[in-house]
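Asker: Dropping in model23.txt, which is compact mmCIF, C-alpha atoms and all ligand atoms:
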# COMPACT_ATOMS: atom_id res chain seq x y z
CA MET A 21 47.35 3.75 17.03
CA ASN A 22 45.36 1.54 19.35
CA ILE A 23 44.72 2.84 22.87
CA GLU A 24 43.66 -0.57 24.20
CA LYS A 25 46.87 -2.11 22.96
CA LEU A 26 48.83 0.74 24.53
CA LYS A 27 47.16 0.12 27.89
CA GLU A 28 48.01 -3.56 27.58
CA VAL A 29 51.70 -2.85 26.97
CA LEU A 30 51.76 -0.44 29.91
CA GLN A 31 50.06 -2.87 32.29
CA ASP A 32 53.10 -3.39 34.53
CA GLN A 33 54.37 0.18 34.29
CA PRO A 34 53.72 2.96 36.81
CA LYS A 35 50.40 4.73 36.22
CA PHE A 36 51.90 8.01 34.95
CA ARG A 37 53.36 6.22 31.91
CA PHE A 38 50.02 6.20 30.14
CA ARG A 39 49.75 10.01 30.39
CA GLN A 40 53.33 10.35 29.11
CA CYS A 41 52.64 8.14 26.12
CA TYR A 42 49.31 9.81 25.39
CA GLN A 43 50.92 13.25 25.37
CA ALA A 44 53.84 12.07 23.27
CA VAL A 45 51.43 10.85 20.58
CA PHE A 46 48.59 13.38 20.71
CA PHE A 47 50.35 16.53 21.87
CA ASP A 48 53.98 16.22 20.80
CA PHE A 49 53.01 14.27 17.67
CA ILE A 50 55.96 11.86 17.69
CA LYS A 51 56.29 9.60 14.64
CA ASN A 52 58.28 6.93 16.35
CA TRP A 53 58.54 5.94 20.02
CA ASP A 54 62.31 6.59 19.90
CA GLU A 55 61.43 10.29 20.04
CA ALA A 56 59.77 9.86 23.46
CA THR A 57 63.02 10.27 25.36
CA ASN A 58 61.24 10.51 28.71
CA LEU A 59 60.40 6.81 28.43
CA PRO A 60 62.84 4.03 29.37
CA LEU A 61 64.65 2.64 26.34
CA SER A 62 63.31 -0.90 26.80
CA LEU A 63 59.75 0.42 26.84
CA ARG A 64 60.34 2.43 23.66
CA VAL A 65 61.50 -0.72 21.93
CA GLU A 66 58.46 -2.63 23.13
CA LEU A 67 56.11 0.15 22.05
CA ASN A 68 57.66 0.36 18.60
CA LYS A 69 57.04 -3.35 18.27
CA ASN A 70 53.52 -3.55 19.67
CA CYS A 71 52.06 -0.06 19.13
CA PRO A 72 53.71 1.22 15.95
CA LEU A 73 52.91 4.83 15.11
CA ASP A 74 53.30 4.73 11.33
CA ILE A 75 50.54 6.11 9.18
CA ASN A 76 50.60 4.68 5.69
CA SER A 77 50.03 7.72 3.52
CA GLU A 78 50.85 9.49 0.29
CA ILE A 79 50.74 13.27 0.24
CA SER A 80 50.19 15.44 -2.82
CA GLU A 81 50.35 19.22 -2.84
CA SER A 82 48.55 21.84 -4.90
CA LYS A 83 50.43 24.26 -7.15
CA ASN A 84 49.95 27.17 -4.79
CA LYS A 85 51.38 25.05 -1.94
CA LYS A 86 48.44 25.88 0.28
CA THR A 87 46.39 22.74 -0.07
CA PHE A 88 47.63 19.23 0.59
CA LYS A 89 45.83 15.98 0.13
CA ALA A 90 46.74 12.69 1.75
CA LEU A 91 45.60 9.27 0.73
CA ILE A 92 45.78 7.07 3.81
CA THR A 93 45.76 3.29 3.53
CA LEU A 94 44.11 1.74 6.59
CA SER A 95 44.97 -1.60 8.17
CA ASP A 96 42.31 -3.41 6.12
CA LYS A 97 43.79 -1.82 2.95
CA GLU A 98 40.82 0.52 2.46
CA LYS A 99 41.77 4.04 1.46
CA ILE A 100 40.56 7.40 2.72
CA GLU A 101 41.40 10.96 1.87
CA THR A 102 42.03 13.98 4.07
CA VAL A 103 42.96 17.54 3.13
CA LEU A 104 45.04 20.24 4.83
CA MET A 105 44.44 23.88 3.93
CA ARG A 106 46.97 26.49 5.07
CA HIS A 107 45.59 29.99 4.95
CA GLY A 108 46.51 33.04 6.99
CA ASN A 109 47.36 31.82 10.43
CA ARG A 110 44.97 28.90 10.15
CA ASN A 111 45.65 25.28 9.38
CA THR A 112 42.35 23.65 8.61
CA VAL A 113 42.04 19.90 8.24
CA CYS A 114 39.15 18.40 6.33
CA VAL A 115 38.48 14.91 7.67
CA SER A 116 36.55 11.93 6.35
CA ALA A 117 34.03 10.21 8.59
CA GLN A 118 33.27 7.17 6.43
CA ILE A 119 34.85 5.16 3.66
CA GLY A 120 32.56 6.08 0.80
CA CYS A 121 29.04 7.25 1.55
CA PRO A 122 25.61 5.65 1.21
CA LEU A 123 23.71 8.87 0.46
CA LYS A 124 24.35 9.10 -3.28
CA CYS A 125 24.16 12.88 -3.76
CA LYS A 126 24.29 13.27 -7.55
CA PHE A 127 27.04 15.89 -7.61
CA CYS A 128 29.46 14.30 -5.15
CA ALA A 129 32.35 11.98 -6.04
CA THR A 130 32.16 10.15 -2.70
CA GLY A 131 28.41 9.62 -3.14
CA GLN A 132 29.07 8.01 -6.52
CA MET A 133 31.57 5.48 -5.16
CA GLY A 134 29.07 3.91 -2.75
CA PHE A 135 29.49 2.97 0.90
CA ILE A 136 32.17 0.71 2.32
CA ARG A 137 32.23 1.23 6.09
CA ASP A 138 32.27 3.71 8.97
CA LEU A 139 35.61 4.92 10.27
CA GLU A 140 36.66 4.11 13.82
CA SER A 141 37.24 7.18 15.98
CA MET A 142 40.99 6.47 15.91
CA GLU A 143 40.91 6.39 12.11
CA ILE A 144 39.36 9.86 12.17
CA ILE A 145 42.04 11.00 14.62
CA GLU A 146 44.78 9.46 12.49
CA GLN A 147 43.96 11.96 9.72
CA VAL A 148 44.54 14.90 12.09
CA LEU A 149 47.64 13.22 13.52
CA LEU A 150 49.14 12.94 10.06
CA TRP A 151 48.77 16.68 9.42
CA SER A 152 49.88 17.59 12.94
CA ARG A 153 53.10 15.68 12.34
CA TYR A 154 53.44 17.33 8.94
CA LEU A 155 53.05 20.84 10.41
CA LYS A 156 55.49 20.17 13.22
CA LYS A 157 58.41 20.94 10.92
CA TYR A 158 57.03 24.49 10.51
CA ASP A 159 56.43 24.69 14.25
CA GLU A 160 52.70 24.96 13.60
CA ARG A 161 49.64 23.05 14.75
CA VAL A 162 46.26 22.16 13.29
CA THR A 163 43.90 24.98 14.28
CA ASN A 164 40.57 24.03 12.69
CA ILE A 165 38.74 20.85 11.75
CA VAL A 166 35.93 20.44 9.26
CA PHE A 167 34.04 17.17 8.91
CA MET A 168 33.63 17.75 5.19
CA GLY A 169 35.65 14.92 3.74
CA MET A 170 34.28 11.58 2.63
CA GLY A 171 31.05 10.34 4.16
CA GLU A 172 28.23 11.63 6.32
CA PRO A 173 29.38 12.43 9.88
CA PHE A 174 25.90 11.97 11.39
CA LEU A 175 25.73 8.40 10.08
CA ASN A 176 28.80 7.68 12.21
CA TYR A 177 27.69 9.84 15.12
CA GLU A 178 29.29 8.08 18.12
CA ASN A 179 32.73 7.73 16.55
CA VAL A 180 32.69 11.32 15.34
CA MET A 181 31.81 12.56 18.85
CA GLN A 182 34.47 10.39 20.41
CA SER A 183 37.06 11.81 18.04
CA ILE A 184 35.93 15.35 18.88
CA LYS A 185 36.58 14.69 22.58
CA LEU A 186 40.19 13.83 21.83
CA LEU A 187 40.54 16.80 19.46
CA ASN A 188 39.25 19.08 22.25
CA ASP A 189 41.42 17.62 24.99
CA HIS A 190 43.91 20.19 26.33
CA GLN A 191 46.45 17.46 26.86
CA ALA A 192 46.04 16.28 23.28
CA PHE A 193 45.25 18.28 20.13
CA ASN A 194 43.73 21.13 22.15
CA ILE A 195 41.47 22.29 19.32
CA GLY A 196 38.54 24.30 20.71
CA ALA A 197 35.01 23.17 19.84
CA ARG A 198 34.36 26.54 18.17
CA HIS A 199 37.06 25.62 15.69
CA ILE A 200 35.38 22.36 14.71
CA SER A 201 32.59 22.15 12.12
CA ILE A 202 30.35 19.27 11.13
CA SER A 203 28.71 19.34 7.74
CA THR A 204 25.63 17.20 7.15
CA VAL A 205 23.23 16.49 4.33
CA GLY A 206 20.60 17.34 6.92
CA LEU A 207 19.92 14.18 8.90
CA VAL A 208 17.26 15.37 11.33
CA ASP A 209 18.09 12.80 14.03
CA GLY A 210 21.71 13.91 14.04
CA ILE A 211 20.78 17.58 14.32
CA LYS A 212 18.51 16.76 17.27
CA LYS A 213 21.24 14.76 18.98
CA LEU A 214 23.81 17.49 18.46
CA ALA A 215 21.45 20.08 19.95
CA LYS A 216 21.50 18.07 23.18
CA GLU A 217 25.30 17.86 23.43
CA ASP A 218 26.88 20.56 25.49
CA LEU A 219 29.37 21.33 22.74
CA GLN A 220 30.03 24.58 20.93
CA ILE A 221 30.84 23.00 17.59
CA ASN A 222 29.63 24.56 14.36
CA LEU A 223 26.88 22.99 12.31
CA ALA A 224 26.79 23.27 8.53
CA ILE A 225 23.90 22.03 6.41
CA SER A 226 24.32 21.05 2.76
CA LEU A 227 21.26 22.78 1.36
CA HIS A 228 21.96 23.21 -2.39
CA ALA A 229 18.28 23.63 -3.36
CA THR A 230 15.35 25.51 -1.89
CA ASN A 231 12.46 23.35 -3.08
CA ASP A 232 11.80 19.70 -2.34
CA LYS A 233 11.51 18.66 -5.96
CA LEU A 234 15.00 19.78 -6.96
CA ARG A 235 16.58 18.91 -3.63
CA SER A 236 15.21 15.34 -3.80
CA GLU A 237 16.60 15.01 -7.30
CA LEU A 238 20.06 16.16 -6.25
CA MET A 239 20.11 14.64 -2.78
CA PRO A 240 17.96 11.50 -2.39
CA ILE A 241 17.99 11.92 1.42
CA ASN A 242 15.58 14.83 0.96
CA LYS A 243 12.84 12.30 0.19
CA GLU A 244 13.14 11.14 3.78
CA PHE A 245 13.49 14.53 5.43
CA HIS A 246 11.69 17.28 3.54
CA LEU A 247 12.78 20.88 3.84
CA THR A 248 10.03 21.79 6.32
CA GLU A 249 11.11 19.05 8.69
CA LEU A 250 14.77 19.91 8.19
CA PHE A 251 14.21 23.58 8.99
CA ARG A 252 12.12 22.69 12.03
CA ALA A 253 15.07 20.69 13.39
CA ILE A 254 17.50 23.49 12.55
CA ASP A 255 15.36 26.11 14.27
CA ASP A 256 15.05 23.91 17.37
CA TYR A 257 18.82 23.50 17.34
CA ILE A 258 19.28 27.28 17.17
CA GLU A 259 16.79 27.80 19.97
CA LYS A 260 18.61 25.32 22.21
CA THR A 261 22.16 26.36 21.41
CA ASN A 262 21.85 29.94 20.22
CA ARG A 263 24.53 29.08 17.68
CA ARG A 264 24.78 30.12 14.08
CA VAL A 265 24.05 27.57 11.35
CA MET A 266 25.82 27.62 8.05
CA PHE A 267 24.02 26.63 4.85
CA GLU A 268 26.23 25.33 2.09
CA TYR A 269 24.92 26.11 -1.35
CA LEU A 270 26.65 24.69 -4.41
CA LEU A 271 26.29 26.72 -7.57
CA ILE A 272 25.63 24.29 -10.43
CA LYS A 273 25.19 25.69 -13.92
CA GLY A 274 21.58 25.81 -15.05
CA ILE A 275 20.40 23.73 -12.11
CA ASN A 276 20.15 25.96 -9.05
CA ASP A 277 21.87 29.21 -10.03
CA SER A 278 19.13 31.34 -11.62
CA GLU A 279 17.94 34.71 -10.32
CA ARG A 280 14.78 32.97 -9.23
CA ASP A 281 16.85 30.46 -7.24
CA ALA A 282 18.70 33.33 -5.56
CA ARG A 283 15.40 34.97 -4.58
CA SER A 284 14.00 31.76 -3.24
CA LEU A 285 17.19 31.19 -1.25
CA ALA A 286 16.80 34.69 0.18
CA LYS A 287 13.21 33.90 1.05
CA ILE A 288 14.08 30.70 2.88
CA MET A 289 16.83 32.51 4.81
CA GLY A 290 14.37 35.24 5.81
CA ASN A 291 16.03 37.73 8.05
CA ASN A 292 17.37 35.16 10.42
CA LYS A 293 20.55 36.61 11.90
CA LEU A 294 21.77 33.14 12.84
CA TYR A 295 21.56 31.74 9.31
CA LEU A 296 24.65 32.12 7.17
CA VAL A 297 24.92 31.03 3.53
CA ASN A 298 28.19 29.70 2.19
CA LEU A 299 28.27 29.68 -1.60
CA ILE A 300 30.44 26.91 -3.01
CA PRO A 301 31.60 26.81 -6.61
CA TYR A 302 30.77 23.41 -8.05
CA ASN A 303 33.85 21.27 -8.54
CA PRO A 304 33.53 18.91 -11.48
CA ILE A 305 33.86 15.23 -10.64
CA GLU A 306 34.66 12.19 -12.70
CA SER A 307 32.04 9.54 -12.33
CA GLY A 308 31.08 6.33 -14.01
CA LEU A 309 27.62 7.76 -14.62
CA GLY A 310 29.03 10.46 -16.86
CA ASN A 311 28.86 13.68 -14.94
CA LYS A 312 26.57 16.24 -16.52
CA PHE A 313 27.04 19.05 -14.00
CA LYS A 314 29.15 22.12 -14.65
CA SER A 315 30.12 25.01 -12.44
CA SER A 316 28.18 28.24 -12.89
CA ASP A 317 29.94 30.94 -14.87
CA ASN A 318 31.28 34.01 -13.13
CA ARG A 319 28.59 36.39 -14.37
CA THR A 320 25.84 34.14 -13.06
CA ILE A 321 27.61 33.83 -9.71
CA GLU A 322 27.97 37.61 -9.50
CA LYS A 323 24.28 38.12 -10.27
CA PHE A 324 23.37 35.50 -7.68
CA MET A 325 25.44 37.29 -5.06
CA GLU A 326 24.02 40.66 -6.05
CA ILE A 327 20.52 39.41 -5.31
CA LEU A 328 21.56 37.95 -1.96
CA THR A 329 23.15 41.29 -1.06
CA GLN A 330 20.01 43.19 -2.11
CA GLU A 331 17.92 40.85 -0.01
CA LYS A 332 20.27 41.31 2.95
CA VAL A 333 21.22 37.64 3.23
CA ASN A 334 24.36 36.91 5.24
CA PHE A 335 26.63 35.02 2.93
CA THR A 336 30.25 34.14 2.27
CA GLN A 337 31.94 32.55 -0.68
CA ARG A 338 34.10 29.50 -0.29
CA TYR A 339 37.54 29.56 -1.85
CA LYS A 340 38.49 26.89 -4.31
CA PHE A 341 41.09 24.92 -2.49
CA GLY A 342 43.07 22.14 -4.05
CA LYS A 343 41.13 21.59 -7.25
CA ASP A 344 44.29 20.56 -9.11
CA ILE A 345 44.92 17.68 -6.70
CA LYS A 346 41.25 16.60 -6.64
CA GLY A 347 41.15 17.59 -3.01
CA ALA A 348 38.36 20.13 -3.33
CA CYS A 349 34.84 19.66 -1.92
CA GLY A 350 33.09 16.65 -3.35
CA GLN A 351 36.13 15.36 -5.20
CA LEU A 352 37.34 12.90 -2.58
CA ALA A 353 36.95 9.33 -3.65
CA GLY A 354 39.85 7.40 -2.17
CA LYS A 355 41.71 6.89 -5.43
CA GLU A 356 45.35 7.34 -6.32
N1 LIG A 401 28.18 14.45 3.94
C1 LIG A 401 28.42 15.77 4.45
C2 LIG A 401 29.86 16.17 4.49
C3 LIG A 401 30.74 15.94 3.28
S1 LIG A 401 30.65 16.98 1.88
C4 LIG A 401 27.62 16.79 3.69
O1 LIG A 401 27.09 16.45 2.64
O2 LIG A 401 27.47 17.91 4.15
C5 LIG A 401 31.19 18.57 2.26
C6 LIG A 401 30.54 19.62 1.33
O3 LIG A 401 30.99 19.50 -0.03
C7 LIG A 401 29.04 19.46 1.29
O4 LIG A 401 28.40 20.70 1.40
C8 LIG A 401 28.83 18.87 -0.09
O5 LIG A 401 27.54 19.08 -0.52
C9 LIG A 401 29.87 19.60 -0.90
N2 LIG A 401 30.12 18.98 -2.21
C10 LIG A 401 29.85 17.73 -2.61
N3 LIG A 401 30.19 17.55 -3.90
C11 LIG A 401 30.70 18.70 -4.32
C12 LIG A 401 31.27 19.15 -5.57
N4 LIG A 401 31.38 18.33 -6.60
N5 LIG A 401 31.72 20.42 -5.64
C13 LIG A 401 31.65 21.24 -4.58
N6 LIG A 401 31.14 20.88 -3.38
C14 LIG A 401 30.67 19.63 -3.26
Is it possible to express this structure as structure tokens?

Answerer:
Amino acid sequence: MNIEKLKEVLQDQPKFRFRQCYQAVFFDFIKNWDEATNLPLSLRVELNKNCPLDINSEISESKNKKTFKALITLSDKEKIETVLMRHGNRNTVCVSAQIGCPLKCKFCATGQMGFIRDLESMEIIEQVLLWSRYLKKYDERVTNIVFMGMGEPFLNYENVMQSIKLLNDHQAFNIGARHISISTVGLVDGIKKLAKEDLQINLAISLHATNDKLRSELMPINKEFHLTELFRAIDDYIEKTNRRVMFEYLLIKGINDSERDARSLAKIMGNNKLYLVNLIPYNPIESGLGNKFKSSDNRTIEKFMEILTQEKVNFTQRYKFGKDIKGACGQLAGKE
């Protein structure tokens, strides 16, 4: 889908045609221009030729039929992954912001594959379009978006924001900002920029460790932005927006899951009502480096949660979605 190309084809058409086409694609989620019966036949033919709507993708589904992963092949043959999670009355789409990722977090499959390029805003949108079309047969729409797929959204800030505008648009996806979350490794510049936007999107920070030594080992970006600086930016963000911030905390066996770790997490969270911890079970990844991390065992996780409860930390636990199709957090690597 290329908006510029669409405008070019519609050059000699009455003005309202653009709106009609835009709605057909981004609100009615047509797969082929033949479905846009409000357009003249000759125009439909021309649009099919010059602005084809196909998305080259392969979908796999998890055993419980709640999680779906799609591998999309882009026009330059690069591949990205996106995940749909159907739960309750929600349909959450996890989108990728980059092909690969330059940040090299030790535990993440995308980080291990290296960086290829940023996605265009339309390539981000294409992922949501694919699932919107998929859900149409159940008469359902995408309700929530999380920027938690491949890549670091704040390294592709402008394109991510541009895609959010289209996701918000009432005449397009119509997904409210409060239903959109961006997850970041904690790029301070991005957090500062987001604080200035007049947008009610949710911010999630991948924390994973509560001291600089361990965090720098796991997430090299921490060497650039230490925890003190990160928390200063987060607190400024909260002051400006009065919005809650979610802290993602992976539980990795023997690395960050001890009782001491739980206490130090509680300490860093203090009694801040606007901090929320999201505990994520570690999903094993395959990597060329030989992955040495394992997920924490259940007893350790229970103990960890017990301490957080005692210390009155607000926390939730993330479900394991789509592990069997390698569509769970940190497992996306653009492979068949
Ligand atoms: N770059 C962004 C967004 C993508 S990752 C970020 O890091 O926040 C989305 C979430 O999945 C992050 O919290 C990330 O730390 C987590 N994650 C990465 N690898 C994982 C793994 N192997 N198991 C579980 N979660 C993982």

Asker: Which residues, written as a PyMOL selection string, have at least one atom at most 8 Å from region 141-149 of chain A, with all atoms listed in the file counted and residues fewer than 4 positions away on the same chain left out?

Answerer: chain A and resi 21-22+46+49+75+92+94+102+113+115-117+153+162+179-180+182-183+186-187

Asker: From the set A:Asn111, A:Gln191, A:Gln330, A:Asn303, which residue has the shortest atom-to-atom contact distance to Gln351 (chain A), counting all atoms listed in the file?

Answerer: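 Smallest distance to Gln351 (chain A) is found for A:Asn303.
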
Asker: If you take all atoms listed in the file and a cut-off of 12 Å, which residues of region 153-250 of chain A touch region 285-300 of chain A, and what are their nearest atom pairs and distances in Å to one decimal, in chain and number order, as a tab-separated table?

Answerer:
residue	atom	partner	partner_atom	distance
A:Ser203	CA	A:Asn298	CA	11.8
A:Asn222	CA	A:Leu296	CA	11.6
A:Leu223	CA	A:Tyr295	CA	10.7
A:Ala224	CA	A:Asn298	CA	9.1
A:Ile225	CA	A:Val297	CA	9.5
A:Ser226	CA	A:Asn298	CA	9.5
A:Leu227	CA	A:Val297	CA	9.3
A:His228	CA	A:Leu299	CA	9.1
A:Ala229	CA	A:Leu285	CA	7.9
A:Thr230	CA	A:Leu285	CA	6.0
A:Asn231	CA	A:Leu285	CA	9.3
A:Leu247	CA	A:Ile288	CA	10.0
A:Thr248	CA	A:Ile288	CA	10.4

Asker: Each residue of chain A with at least one atom at most 9 Å from ligand LIG 401 (chain A) should appear once, together with its nearest atom pair and the corresponding distance in Å (one decimal); atoms considered: all atoms listed in the file; ordering: chain, then increasing residue number; output as CSV.

Answerer:
residue,atom,partner,partner_atom,distance
A:Cys114,CA,A:LIG401,C5,8.9
A:Val115,CA,A:LIG401,C3,9.0
A:Ser116,CA,A:LIG401,C3,7.7
A:Ala117,CA,A:LIG401,C2,8.3
A:Cys121,CA,A:LIG401,N1,7.6
A:Leu123,CA,A:LIG401,N1,8.0
A:Cys125,CA,A:LIG401,C10,7.6
A:Lys126,CA,A:LIG401,N3,8.2
A:Phe127,CA,A:LIG401,N4,5.1
A:Cys128,CA,A:LIG401,N3,3.6
A:Ala129,CA,A:LIG401,N3,6.3
A:Thr130,CA,A:LIG401,N3,7.8
A:Gly131,CA,A:LIG401,N3,8.2
A:Val166,CA,A:LIG401,C5,8.7
A:Phe167,CA,A:LIG401,C2,6.2
A:Met168,CA,A:LIG401,C5,3.9
A:Gly169,CA,A:LIG401,C3,5.0
A:Met170,CA,A:LIG401,C3,5.7
A:Gly171,CA,A:LIG401,N1,5.0
A:Glu172,CA,A:LIG401,N1,3.7
A:Pro173,CA,A:LIG401,N1,6.4
A:Phe174,CA,A:LIG401,N1,8.2
A:Leu175,CA,A:LIG401,N1,9.0
A:Ile202,CA,A:LIG401,C2,7.3
A:Ser203,CA,A:LIG401,O2,4.1
A:Thr204,CA,A:LIG401,O2,3.6
A:Val205,CA,A:LIG401,O1,4.2
A:Gly206,CA,A:LIG401,O2,7.4
A:Ala224,CA,A:LIG401,O2,7.0
A:Ile225,CA,A:LIG401,O2,5.9
A:Ser226,CA,A:LIG401,O4,4.3
A:Leu227,CA,A:LIG401,O4,7.4
A:His228,CA,A:LIG401,O5,7.2
A:Met239,CA,A:LIG401,O5,8.9
A:Phe267,CA,A:LIG401,O4,8.1
A:Glu268,CA,A:LIG401,O4,5.2
A:Tyr269,CA,A:LIG401,O4,7.0
A:Leu270,CA,A:LIG401,N6,6.0
A:Leu271,CA,A:LIG401,C13,8.2
A:Ile272,CA,A:LIG401,N5,8.7
A:Ile300,CA,A:LIG401,C13,6.0
A:Pro301,CA,A:LIG401,C13,5.9
A:Tyr302,CA,A:LIG401,N5,4.0
A:Asn303,CA,A:LIG401,N5,3.7
A:Pro304,CA,A:LIG401,N4,5.4
A:Ile305,CA,A:LIG401,N4,5.7
A:Phe313,CA,A:LIG401,N4,8.6
A:Ser315,CA,A:LIG401,N5,8.4
A:Lys340,CA,A:LIG401,C13,8.9
A:Ala348,CA,A:LIG401,C13,6.9
A:Cys349,CA,A:LIG401,N6,4.2
A:Gly350,CA,A:LIG401,N3,3.1
A:Gln351,CA,A:LIG401,N4,5.8
A:Leu352,CA,A:LIG401,N3,8.6

Asker: Calculate how many Å separate CA of Ile119 (chain A) from CA of Cys41 (chain A), rounding to one decimal.

Answerer: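 These two atoms are separated by 28.8 Å.
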
Asker: Could you state the separation of CA of Ile258 (chain A) and CA of Lys332 (chain A) in Å, given to one decimal place?

Answerer: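 Distance between the two atoms: 20.0 Å.
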
Asker: Choose the residue, out of A:Ala44, A:Ala90, A:Ile136, A:Val265, that has the smallest atom-to-atom separation from Ser201 (chain A); count only C-alpha atoms.

Answerer: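 Answer, going by the shortest atom-to-atom distance: A:Val265.
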
Asker: Nearest residue to Asn276 (chain A) out of A:Phe324, A:Tyr257, A:Trp151, A:Phe36, using all atoms listed in the file?

Answerer: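 Answer, going by the shortest atom-to-atom distance: A:Phe324.
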
Asker: For Leu30 (chain A), work out the shell of residues within 12 Å, counting all atoms listed in the file and skipping chain neighbours fewer than 3 positions away, then give it as a VMD selection string.

Answerer: chain A and resid 23 to 27 33 to 42 59 to 60 62 to 64 66 to 67 70 to 71

Asker: Any idea what the distance is between CA of Tyr177 (chain A) and CA of Asp209 (chain A)?

Answerer: 10.1 Å
